[in-house]
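Take a look at the structure below.
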Amino acid sequence: MTYIAHTRKNSNEIQTLKEHLLNSKTYAEKNGEELAIPHVTGLAGLIHDLGKYRQDFQKYIKDPTTAKKGSIDHASFGAIFIKNKVKQITENSKDISAEIFGEIVSNAICSHHNSLGLKDYLNARLNSPYSERMDKFNDDPAKMQELKRAVKLFYDEVMHEEEFDQYLKLALQEFKRLFDQLQSKDDLLDNIYYVGQFVYSCLLDADRTDTALFSFNQKAVEYQYEQIFESYYDKLLNSIKQFDQSAAINQARSEMSTECDAFAEQADGIYRLSIPTGGGKTLASLRYGLKHAAKTRKKHIIYVLPYITIIEQNAQVIRKMLNGDAKNTTNILEFHSNVSNDLKDDDIEAEKTIRLAEDNWDSPIVITTMVQFLNSVYARSTVNRRRFHNLCDSVIIFDEVQKLPLKSISMFNKLLNFLSAIGQSDIVLCTATQPAFDSLTSGTSLRIANKPEMISNLSKRIQQFKRVKIIDRTRKNGADCHLSANEAAEMIIKAAKEQGSILAIFNTISATKKVFEKVKEQIQDHVYILTTRMCPEHRKQAIQEIKDLLKDGEPVICVSTALIEAGVDISFSCVFRSLCGLDSIVQSAGRCNRNAEKEFGTVNLILMDQDTEKLNRLPEIKNGKEIVQGMLDDGYSADSFLEDETIKHYFQILYRDADTEYAVNDQGYQLYLADCIDGAQMMNRYLAERQAAPKTIEGSASETIARNFEVIDEDTISLIAPYGSGKEVIVELNSEAGFSQLKQLMKSAQPYLIGIYRSKVKELIDKGAIIALGDEYHQSQIFAIRDDFYDDKVGLVDEPVAKEFVSF
């Protein structure tokens with residue numbers, strides 16, 4: 001009998017179970033090399049689909065009408081097999097590392113179709129979903145008989161028992177070595193959690209990769225990472241040599257870039273790159289990353305940024321510099337978000353084509369957001385979790401790291417501590433306003449290197465790049481001066497007549513649109529708006545138009561949300577900034593007189609009235625604004641906001657009373673998600689309340705974290721905008737051939753995605769503003785915006801706009 005793992009859609013071709021298990025083993029071994037545990041991860045790949053030897057499953061795979069999708073359990077079989085096998089082999093050794101090994105591998109296998117990730121060892125109710133699943137299977141005689149038959153078939157067809165036992169012993173030895181390393185470090189329980197996530201990620205990626213390659217009839221891509229990084233480093237240096245060094249500001253940039261190059265000789269660690277705004281940190285950090293990655297034979301350079309806008313610009317700069325063409329994506333993945341946001345993983349077959357089309361971040365250079373970075377280990381969805389192992393053995397560069405939401409800081413620090421100490425990764429915190437992650441008063445602090453600063457003599461560098469005067473216009477005659485949208489517009493227009501190019505940044509999309517409309521009533525030409533209601537390609541085109549006008553000396557007014565204030569290489573004569581946190585003020589100052597076009601530009605701090613700008617649903621912005629107001633009341637000069645000591649004082653206040661551990665209410669219990677990583681709190685509660693030890697060695701709660709974790713409080717759904725080539729993508733996805741070209745089309749859709757809060761999507765559907773694409777996508781929630789609900793000036797709108805043609 002031929003045992004089948006997968007069938008190809010619209011084809012009679014099959015993949016045998018033996019092929020899939022051996023292929024998954026090979027891919028998982030390769031993944032596991034990053035932590036020197038290839039046999040551990042290979043073992044998970046080898047037996048993860050052992051349950052597909054069940055007759056019920058084989059009957060179903062040949063005729064899916066015989067059972068409901070997901071109703072035939074196959075994941076538990078390999079999990080029970082390995083758990084019992086490890087117990088049998090190590091029964092008299094009393095080796096705690098072997099017990100943890102058995103839990104980690106079996107949990108990875110039984111959870112490989114679980115959208116919430118690894119099963120909780122202990123949850124808020126002090127139950128153990130992992131143990132309950134294991135016990136339920138062990139207590140079922142019929143299931144145990146099926147397991148014996150499946151194991152016999154596995155030994156006969158895939159790997160003989162003696163060979164398997166030897167493979168298992170090698171895996172145990174590897175894990176023992178890793179466990180000894182974990183014990184020699186701090187945060188043992190945290191690190192065990194992340195090792196579990198690593199094994200899980202290696203298995204998921206191996207399984208999905210092999211399934212995808214079979215489904216799409218493709219071969220795996222092999223990267224020569226060291227050669228790629230060395231070649232790119234040489235290209236970058238040759239380009240840097242061509243830069244104009246005549247201006248003093250360019251000389252300072254060159255000096256800092258050279259310091260980064262020299263610093264790349266250091267060992268791996270967690271470092272700070274505190275280049276002032278406008279100091280050229282993108283190329284300086286790239287220079288460091290390429291040299292260090294080649295020197296230490298890293299597999300990836302991962303750029304993590306807070307905003308999609310920065311990704312667009314940085315990706316374009318990096319592609320142009322390394323590939324010679326801003327549109328050449330070879331070796332460089334620009335990843336904004338998943339198109340298939342709301343697909344549900346519910347123990348159904350891995351051939352779900354949309355899920356398989358998602359990238360696994362295997363590219364040499366990955367440019368992504370902080371949301372996607374944290375999602376790779378904490379969020380729901382196996383699509384997210386399959387990426388985690390590729391964070392190891394990497395150079396990870398965080399740009400504008402201070403933008404990390406306060407509630408996620410402890411979880412961020414725990415993850416970086418693991419990646420640095422165990423994951424063989426080198427980490428760079430890149431910002432002009434370094435947050436005090438290494439000295440929190442509560443929660444987990446970051447273990448920064450002993451000598452963390454990559455740039456020497458920071459005070460001198462800050463003075464070299466001081467190109468603006470910050471003016472406090474938030475008070476008049478000793479009282480707060482709140483402006484209406486009309487008053488702010490008048491102030492902007494007056495400044496434009498005097499100074500030419502004006503940038504005005506507000507804290508909400510609503511305030512930005514109101515002020516833009518007021519300005520537009522009086523000035524028609526060269527007035528722009530930038531918000532996240534515009535797709536990335538639309539914003540990129542608008543920013544390029546603004547840059548071209550500025551280059552030609554034309555007066556421009558740009559009214560924007562905060563998306564422009566970090567990482568966008570653009571320079572205005574004058575900036576207006578609605579009051580906010582100090583880090584945002586510093587970043588907005590970086591868009592003013594950026595290249596020292598004159599001695600000093602001006603940054604004006606203003607207060608908006610509550611009718612124009614409501615911050616009740618933006619607590620972190622509101623908190624930062626109140627701290628800055630307090631500093632101004634205490635005598636701090638607005639013009640001192642660029643100084644290092646002032647920035648340190650701000651962050652000390654910000655973190656002093658902040659809750660950095662992500663508090664949630666789960667199943668009626670108040671808990672911190674950061675505590676679910678080490679599981680100690682749950683273990684202690686269990687011992688105190690049950691007066692006995694739990695069945696598991698571990699107490700972590702991955703499902704609990706996934707159920708509650710969101711970097712941004714309300715999740716968003718991505719919509720494809722009918723802007724530029726986005727129209728063609730929508731038409732192709734909606735065609736009969738679209739499903740067969742899904743992987744490429746989903747990549748092509750990235751520049752045309754708009755993230756909309758889930759609560760807003762129903763309203764847009766009811767208005768007919770968005771439509772689902774094709775019958776094939778009915779359950780996937782891949783949506784497109786109707787042509788008449790997308791304005792070529794402002795992006796997605798709430799009411800239809802008149803257009804000559806409607807595309808679909």
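Naming works like this for the structure tokens: A, B, ... for the chains as they're shown, residue 1 at the start of each chain, ligands 1 onward in shown order.
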
Enumerate as a PyMOL selection string all residues of segment 103-341 of chain A assigned to alpha helix (DSSP H) by DSSP on the backbone, naming them with the chain letters and numbers the document uses.
chain A and resi 103-110+129-138+141-157+161-183+188-216+225-241+248-263+281-296+308-323

Would you give me, as a Markdown table, each residue of segment 596-694 of chain A having an atom within 8 Å of an atom of segment 123-142 of chain A, along with its shortest atom pair and that distance in Å to one decimal, using only C-alpha atoms and sorting by chain and residue number?
```
| residue | atom | partner | partner_atom | distance |
| --- | --- | --- | --- | --- |
| A:Asp666 | CA | A:Ala124 | CA | 6.8 |
| A:Gln667 | CA | A:Ala124 | CA | 6.8 |
| A:Tyr669 | CA | A:Ala124 | CA | 6.3 |
| A:Leu671 | CA | A:Ala124 | CA | 7.8 |
| A:Met682 | CA | A:Leu126 | CA | 6.9 |
| A:Arg685 | CA | A:Leu126 | CA | 7.8 |
| A:Tyr686 | CA | A:Leu126 | CA | 6.2 |
```

Using only C-alpha atoms, the best pick from A:Leu178, A:Lys94, A:Asn623, A:Ile712 as closest to Asn191 of chain A would be A:Leu178

So which residues touch Leu35 of chain A within 10 Å, counting only C-alpha atoms, skipping near sequence neighbours fewer than 5 positions away, as number ranges by chain?
A: 41, 174-175, 178, 195, 198-199, 389, 392-393, 422-424

Based on the selection just made, write N, CA and C atoms of those residues as a compact mmCIF listing (two decimals), in the first residue's frame.
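Written output follows (part14.txt):
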```txt
# COMPACT_ATOMS: atom_id res chain seq x y z
N THR A 41 15.78 18.93 16.14
CA THR A 41 14.76 19.45 15.23
C THR A 41 14.45 18.45 14.11
N GLU A 174 22.69 16.13 21.97
CA GLU A 174 22.70 17.54 21.56
C GLU A 174 21.93 18.40 22.54
N PHE A 175 20.76 17.93 22.94
CA PHE A 175 19.93 18.72 23.84
C PHE A 175 20.60 18.84 25.20
N LEU A 178 23.11 21.57 24.99
CA LEU A 178 22.44 22.87 24.99
C LEU A 178 21.90 23.21 26.38
N VAL A 195 13.85 28.04 23.53
CA VAL A 195 14.33 26.84 22.85
C VAL A 195 13.14 26.03 22.34
N PHE A 198 11.90 27.66 19.34
CA PHE A 198 12.84 27.43 18.24
C PHE A 198 12.58 26.07 17.59
N VAL A 199 12.48 25.02 18.40
CA VAL A 199 12.22 23.68 17.87
C VAL A 199 10.89 23.68 17.11
N HIS A 389 12.85 30.80 14.05
CA HIS A 389 14.21 30.23 14.03
C HIS A 389 15.16 31.06 13.17
N CYS A 392 17.53 33.65 14.79
CA CYS A 392 18.80 33.20 15.37
C CYS A 392 19.89 33.25 14.31
N ASP A 393 21.13 33.33 14.79
CA ASP A 393 22.29 33.37 13.89
C ASP A 393 22.16 34.51 12.88
N ILE A 422 21.96 32.98 23.67
CA ILE A 422 21.81 31.60 23.22
C ILE A 422 21.66 31.51 21.70
N GLY A 423 20.97 32.46 21.11
CA GLY A 423 20.61 32.38 19.70
C GLY A 423 21.68 32.78 18.72
N GLN A 424 22.89 33.11 19.21
CA GLN A 424 24.02 33.44 18.34
C GLN A 424 23.75 34.66 17.46
```

Which residues of segment 536-653 of chain A come within 10 Å of segment 245-264 of chain A, and what is each one's closest atom pair and distance in Å (one decimal), counting only C-alpha atoms, sorted by chain and residue number, as a tab-separated table?
```
residue	atom	partner	partner_atom	distance
A:Arg594	CA	A:Ile249	CA	9.8
A:Asn595	CA	A:Ile249	CA	7.4
A:Ala596	CA	A:Ile249	CA	7.6
```

So that each row is one residue of segment 356-447 of chain A with an atom at most 7 Å from segment 315-334 of chain A, can you give its shortest atom pair and the distance in Å to one decimal, using only C-alpha atoms, rows by chain and rising number, as a Markdown table?
```
| residue | atom | partner | partner_atom | distance |
| --- | --- | --- | --- | --- |
| A:Ser363 | CA | A:Asn331 | CA | 5.5 |
| A:Pro364 | CA | A:Asn331 | CA | 5.5 |
| A:Ile365 | CA | A:Ile332 | CA | 4.8 |
| A:Val366 | CA | A:Leu333 | CA | 4.8 |
| A:Ile367 | CA | A:Glu334 | CA | 4.9 |
| A:Thr368 | CA | A:Glu334 | CA | 6.3 |
```

Same residues, C-alpha atoms, saved as an mmCIF file, in the first residue's frame:
```cif
data_model
loop_
_atom_site.group_PDB
_atom_site.id
_atom_site.type_symbol
_atom_site.label_atom_id
_atom_site.label_comp_id
_atom_site.auth_asym_id
_atom_site.auth_seq_id
_atom_site.Cartn_x
_atom_site.Cartn_y
_atom_site.Cartn_z
ATOM 1 C CA SER A 363 16.210 35.748 2.637
ATOM 2 C CA PRO A 364 19.718 37.021 3.430
ATOM 3 C CA ILE A 365 18.334 40.495 4.180
ATOM 4 C CA VAL A 366 14.874 40.962 5.699
ATOM 5 C CA ILE A 367 13.302 44.378 6.270
ATOM 6 C CA THR A 368 10.205 44.228 8.447
#
```

For the interface of segment 590-671 of chain A with segment 449-464 of chain A (cut-off 12 Å, counting only C-alpha atoms), please tabulate each contacting residue of segment 590-671 of chain A alongside its nearest pair of atoms and their separation in Å to one decimal, rows sorted by chain and increasing number, as JSON lines.
```
{"residue": "A:Gly590", "atom": "CA", "partner": "A:Ile462", "partner_atom": "CA", "distance": 11.9}
{"residue": "A:Arg594", "atom": "CA", "partner": "A:Gln464", "partner_atom": "CA", "distance": 12.0}
{"residue": "A:Asn595", "atom": "CA", "partner": "A:Gln464", "partner_atom": "CA", "distance": 11.5}
{"residue": "A:Ala596", "atom": "CA", "partner": "A:Gln464", "partner_atom": "CA", "distance": 10.3}
{"residue": "A:Glu599", "atom": "CA", "partner": "A:Gln464", "partner_atom": "CA", "distance": 11.8}
{"residue": "A:Ser640", "atom": "CA", "partner": "A:Gln463", "partner_atom": "CA", "distance": 11.4}
{"residue": "A:Phe641", "atom": "CA", "partner": "A:Ile462", "partner_atom": "CA", "distance": 11.4}
{"residue": "A:Leu642", "atom": "CA", "partner": "A:Ile462", "partner_atom": "CA", "distance": 7.7}
{"residue": "A:Glu643", "atom": "CA", "partner": "A:Ile462", "partner_atom": "CA", "distance": 7.3}
{"residue": "A:Asp644", "atom": "CA", "partner": "A:Ser459", "partner_atom": "CA", "distance": 7.3}
{"residue": "A:Glu645", "atom": "CA", "partner": "A:Ser459", "partner_atom": "CA", "distance": 9.7}
```

Dump as a PDB file, in the first residue's frame, selection limited to all heavy atoms:
```
ATOM      1  N   GLY A 590      14.375  66.039  13.030  1.00  0.00           N
ATOM      2  CA  GLY A 590      15.260  65.473  12.018  1.00  0.00           C
ATOM      3  C   GLY A 590      14.766  65.670  10.605  1.00  0.00           C
ATOM      4  O   GLY A 590      15.501  65.426   9.642  1.00  0.00           O
ATOM      5  N   ARG A 594      17.620  69.377   7.373  1.00  0.00           N
ATOM      6  CA  ARG A 594      18.319  68.102   7.563  1.00  0.00           C
ATOM      7  C   ARG A 594      19.761  68.150   7.067  1.00  0.00           C
ATOM      8  O   ARG A 594      20.658  67.552   7.666  1.00  0.00           O
ATOM      9  CB  ARG A 594      17.541  66.994   6.839  1.00  0.00           C
ATOM     10  CG  ARG A 594      18.060  65.583   7.100  1.00  0.00           C
ATOM     11  CD  ARG A 594      17.117  64.559   6.480  1.00  0.00           C
ATOM     12  NE  ARG A 594      17.552  63.195   6.723  1.00  0.00           N
ATOM     13  CZ  ARG A 594      17.302  62.483   7.810  1.00  0.00           C
ATOM     14  NH1 ARG A 594      16.633  63.049   8.804  1.00  0.00           N
ATOM     15  NH2 ARG A 594      17.709  61.252   7.928  1.00  0.00           N
ATOM     16  N   ASN A 595      19.994  68.843   5.978  1.00  0.00           N
ATOM     17  CA  ASN A 595      21.331  68.882   5.398  1.00  0.00           C
ATOM     18  C   ASN A 595      22.007  70.234   5.599  1.00  0.00           C
ATOM     19  O   ASN A 595      22.885  70.617   4.819  1.00  0.00           O
ATOM     20  CB  ASN A 595      21.250  68.533   3.905  1.00  0.00           C
ATOM     21  CG  ASN A 595      20.735  67.132   3.678  1.00  0.00           C
ATOM     22  OD1 ASN A 595      21.269  66.168   4.226  1.00  0.00           O
ATOM     23  ND2 ASN A 595      19.675  67.005   2.889  1.00  0.00           N
ATOM     24  N   ALA A 596      21.576  70.942   6.670  1.00  0.00           N
ATOM     25  CA  ALA A 596      22.167  72.239   7.012  1.00  0.00           C
ATOM     26  C   ALA A 596      22.098  73.207   5.833  1.00  0.00           C
ATOM     27  O   ALA A 596      23.064  73.887   5.496  1.00  0.00           O
ATOM     28  CB  ALA A 596      23.597  72.059   7.505  1.00  0.00           C
ATOM     29  N   GLU A 599      21.625  78.043   8.547  1.00  0.00           N
ATOM     30  CA  GLU A 599      22.247  77.859   9.864  1.00  0.00           C
ATOM     31  C   GLU A 599      21.320  77.096  10.807  1.00  0.00           C
ATOM     32  O   GLU A 599      21.723  76.106  11.424  1.00  0.00           O
ATOM     33  CB  GLU A 599      22.635  79.210  10.469  1.00  0.00           C
ATOM     34  CG  GLU A 599      23.403  79.051  11.784  1.00  0.00           C
ATOM     35  CD  GLU A 599      23.849  80.377  12.383  1.00  0.00           C
ATOM     36  OE1 GLU A 599      23.498  81.435  11.824  1.00  0.00           O
ATOM     37  OE2 GLU A 599      24.544  80.342  13.421  1.00  0.00           O
ATOM     38  N   SER A 640      16.378  72.463  24.564  1.00  0.00           N
ATOM     39  CA  SER A 640      17.296  71.478  25.158  1.00  0.00           C
ATOM     40  C   SER A 640      16.852  70.047  24.862  1.00  0.00           C
ATOM     41  O   SER A 640      17.512  69.096  25.284  1.00  0.00           O
ATOM     42  CB  SER A 640      17.368  71.669  26.677  1.00  0.00           C
ATOM     43  OG  SER A 640      16.185  71.194  27.307  1.00  0.00           O
ATOM     44  N   PHE A 641      15.759  69.884  24.121  1.00  0.00           N
ATOM     45  CA  PHE A 641      15.186  68.556  23.916  1.00  0.00           C
ATOM     46  C   PHE A 641      16.064  67.640  23.062  1.00  0.00           C
ATOM     47  O   PHE A 641      15.847  66.428  23.039  1.00  0.00           O
ATOM     48  CB  PHE A 641      13.804  68.667  23.275  1.00  0.00           C
ATOM     49  CG  PHE A 641      12.717  69.105  24.237  1.00  0.00           C
ATOM     50  CD1 PHE A 641      11.425  69.293  23.793  1.00  0.00           C
ATOM     51  CD2 PHE A 641      12.986  69.325  25.579  1.00  0.00           C
ATOM     52  CE1 PHE A 641      10.420  69.682  24.671  1.00  0.00           C
ATOM     53  CE2 PHE A 641      11.993  69.724  26.465  1.00  0.00           C
ATOM     54  CZ  PHE A 641      10.710  69.904  26.005  1.00  0.00           C
ATOM     55  N   LEU A 642      17.041  68.190  22.373  1.00  0.00           N
ATOM     56  CA  LEU A 642      17.938  67.362  21.571  1.00  0.00           C
ATOM     57  C   LEU A 642      19.145  66.870  22.363  1.00  0.00           C
ATOM     58  O   LEU A 642      19.917  66.041  21.867  1.00  0.00           O
ATOM     59  CB  LEU A 642      18.430  68.147  20.351  1.00  0.00           C
ATOM     60  CG  LEU A 642      17.355  68.587  19.356  1.00  0.00           C
ATOM     61  CD1 LEU A 642      17.976  69.438  18.261  1.00  0.00           C
ATOM     62  CD2 LEU A 642      16.632  67.394  18.748  1.00  0.00           C
ATOM     63  N   GLU A 643      19.309  67.376  23.583  1.00  0.00           N
ATOM     64  CA  GLU A 643      20.497  67.040  24.374  1.00  0.00           C
ATOM     65  C   GLU A 643      20.342  65.684  25.055  1.00  0.00           C
ATOM     66  O   GLU A 643      19.249  65.308  25.493  1.00  0.00           O
ATOM     67  CB  GLU A 643      20.753  68.137  25.413  1.00  0.00           C
ATOM     68  CG  GLU A 643      21.082  69.485  24.779  1.00  0.00           C
ATOM     69  CD  GLU A 643      21.170  70.610  25.805  1.00  0.00           C
ATOM     70  OE1 GLU A 643      21.101  70.310  27.025  1.00  0.00           O
ATOM     71  OE2 GLU A 643      21.293  71.771  25.389  1.00  0.00           O
ATOM     72  N   ASP A 644      21.445  64.971  25.156  1.00  0.00           N
ATOM     73  CA  ASP A 644      21.448  63.601  25.671  1.00  0.00           C
ATOM     74  C   ASP A 644      20.898  63.509  27.091  1.00  0.00           C
ATOM     75  O   ASP A 644      20.105  62.615  27.408  1.00  0.00           O
ATOM     76  CB  ASP A 644      22.870  63.046  25.615  1.00  0.00           C
ATOM     77  CG  ASP A 644      22.921  61.548  25.864  1.00  0.00           C
ATOM     78  OD1 ASP A 644      22.047  60.837  25.351  1.00  0.00           O
ATOM     79  OD2 ASP A 644      23.836  61.103  26.576  1.00  0.00           O
ATOM     80  N   GLU A 645      21.277  64.437  27.969  1.00  0.00           N
ATOM     81  CA  GLU A 645      20.823  64.393  29.359  1.00  0.00           C
ATOM     82  C   GLU A 645      19.323  64.627  29.465  1.00  0.00           C
ATOM     83  O   GLU A 645      18.651  64.017  30.295  1.00  0.00           O
ATOM     84  CB  GLU A 645      21.587  65.434  30.190  1.00  0.00           C
ATOM     85  CG  GLU A 645      23.043  65.070  30.451  1.00  0.00           C
ATOM     86  CD  GLU A 645      23.197  63.714  31.129  1.00  0.00           C
ATOM     87  OE1 GLU A 645      22.432  63.440  32.085  1.00  0.00           O
ATOM     88  OE2 GLU A 645      24.064  62.924  30.710  1.00  0.00           O
TER      89      GLU A 645
END
```

Any idea what's packed within 10 Å of segment 784-786 of chain A, counting only C-alpha atoms, ignoring anything in its chain fewer than 6 positions away? Could you give it as a PyMOL selection string?
chain A and resi 718-723+726-727+729-731+733-734+752-754+764-765+768-773+796-797+800+806-808

Check which residues of segment 53-172 of chain A sit at most 12 Å from segment 374-377 of chain A using only C-alpha atoms, and return one row each with the closest pair of atoms and their distance in Å to one decimal, ordered by chain and rising number, as a tab-separated table.
```
residue	atom	partner	partner_atom	distance
A:Leu116	CA	A:Val377	CA	10.8
A:Gly117	CA	A:Val377	CA	9.1
A:Leu118	CA	A:Val377	CA	10.7
```

Store the residues of this selection in a file with N, CA, C and O atoms, as an mmCIF file, in the first residue's frame.
```cif
data_model
loop_
_atom_site.group_PDB
_atom_site.id
_atom_site.type_symbol
_atom_site.label_atom_id
_atom_site.label_comp_id
_atom_site.auth_asym_id
_atom_site.auth_seq_id
_atom_site.Cartn_x
_atom_site.Cartn_y
_atom_site.Cartn_z
ATOM 1 N N LEU A 116 -2.650 28.613 17.991
ATOM 2 C CA LEU A 116 -2.154 29.324 19.164
ATOM 3 C C LEU A 116 -0.745 28.880 19.556
ATOM 4 O O LEU A 116 -0.225 29.303 20.585
ATOM 5 N N GLY A 117 -0.132 28.040 18.748
ATOM 6 C CA GLY A 117 1.244 27.647 19.022
ATOM 7 C C GLY A 117 1.336 26.459 19.962
ATOM 8 O O GLY A 117 0.421 25.627 20.056
ATOM 9 N N LEU A 118 2.449 26.361 20.676
ATOM 10 C CA LEU A 118 2.665 25.252 21.605
ATOM 11 C C LEU A 118 1.577 25.219 22.678
ATOM 12 O O LEU A 118 1.149 26.269 23.175
#
```

Fewer than 2 positions away in the same chain doesn't count, so skip those; otherwise give me all residues within 6 Å of Ser578 of chain A, counting only C-alpha atoms, as an mmCIF file with C-alpha atoms, in the first residue's frame.
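Printed below is result26.cif as written:
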```cif
data_model
loop_
_atom_site.group_PDB
_atom_site.id
_atom_site.type_symbol
_atom_site.label_atom_id
_atom_site.label_comp_id
_atom_site.auth_asym_id
_atom_site.auth_seq_id
_atom_site.Cartn_x
_atom_site.Cartn_y
_atom_site.Cartn_z
ATOM 1 C CA PHE A 506 -0.212 65.670 14.059
ATOM 2 C CA LEU A 605 5.613 72.861 19.291
ATOM 3 C CA ILE A 606 1.849 73.453 19.261
ATOM 4 C CA LEU A 607 -1.198 72.260 21.207
#
```

A straight line from atom CA of Ser239 of chain A to atom CA of Glu545 of chain A spans 25.2 Å

Which residue is closest to Ile502 of chain A? Choose from A:Thr696, A:Asp480, A:Arg473, A:Ser573 and count only C-alpha atoms.
A:Ser573
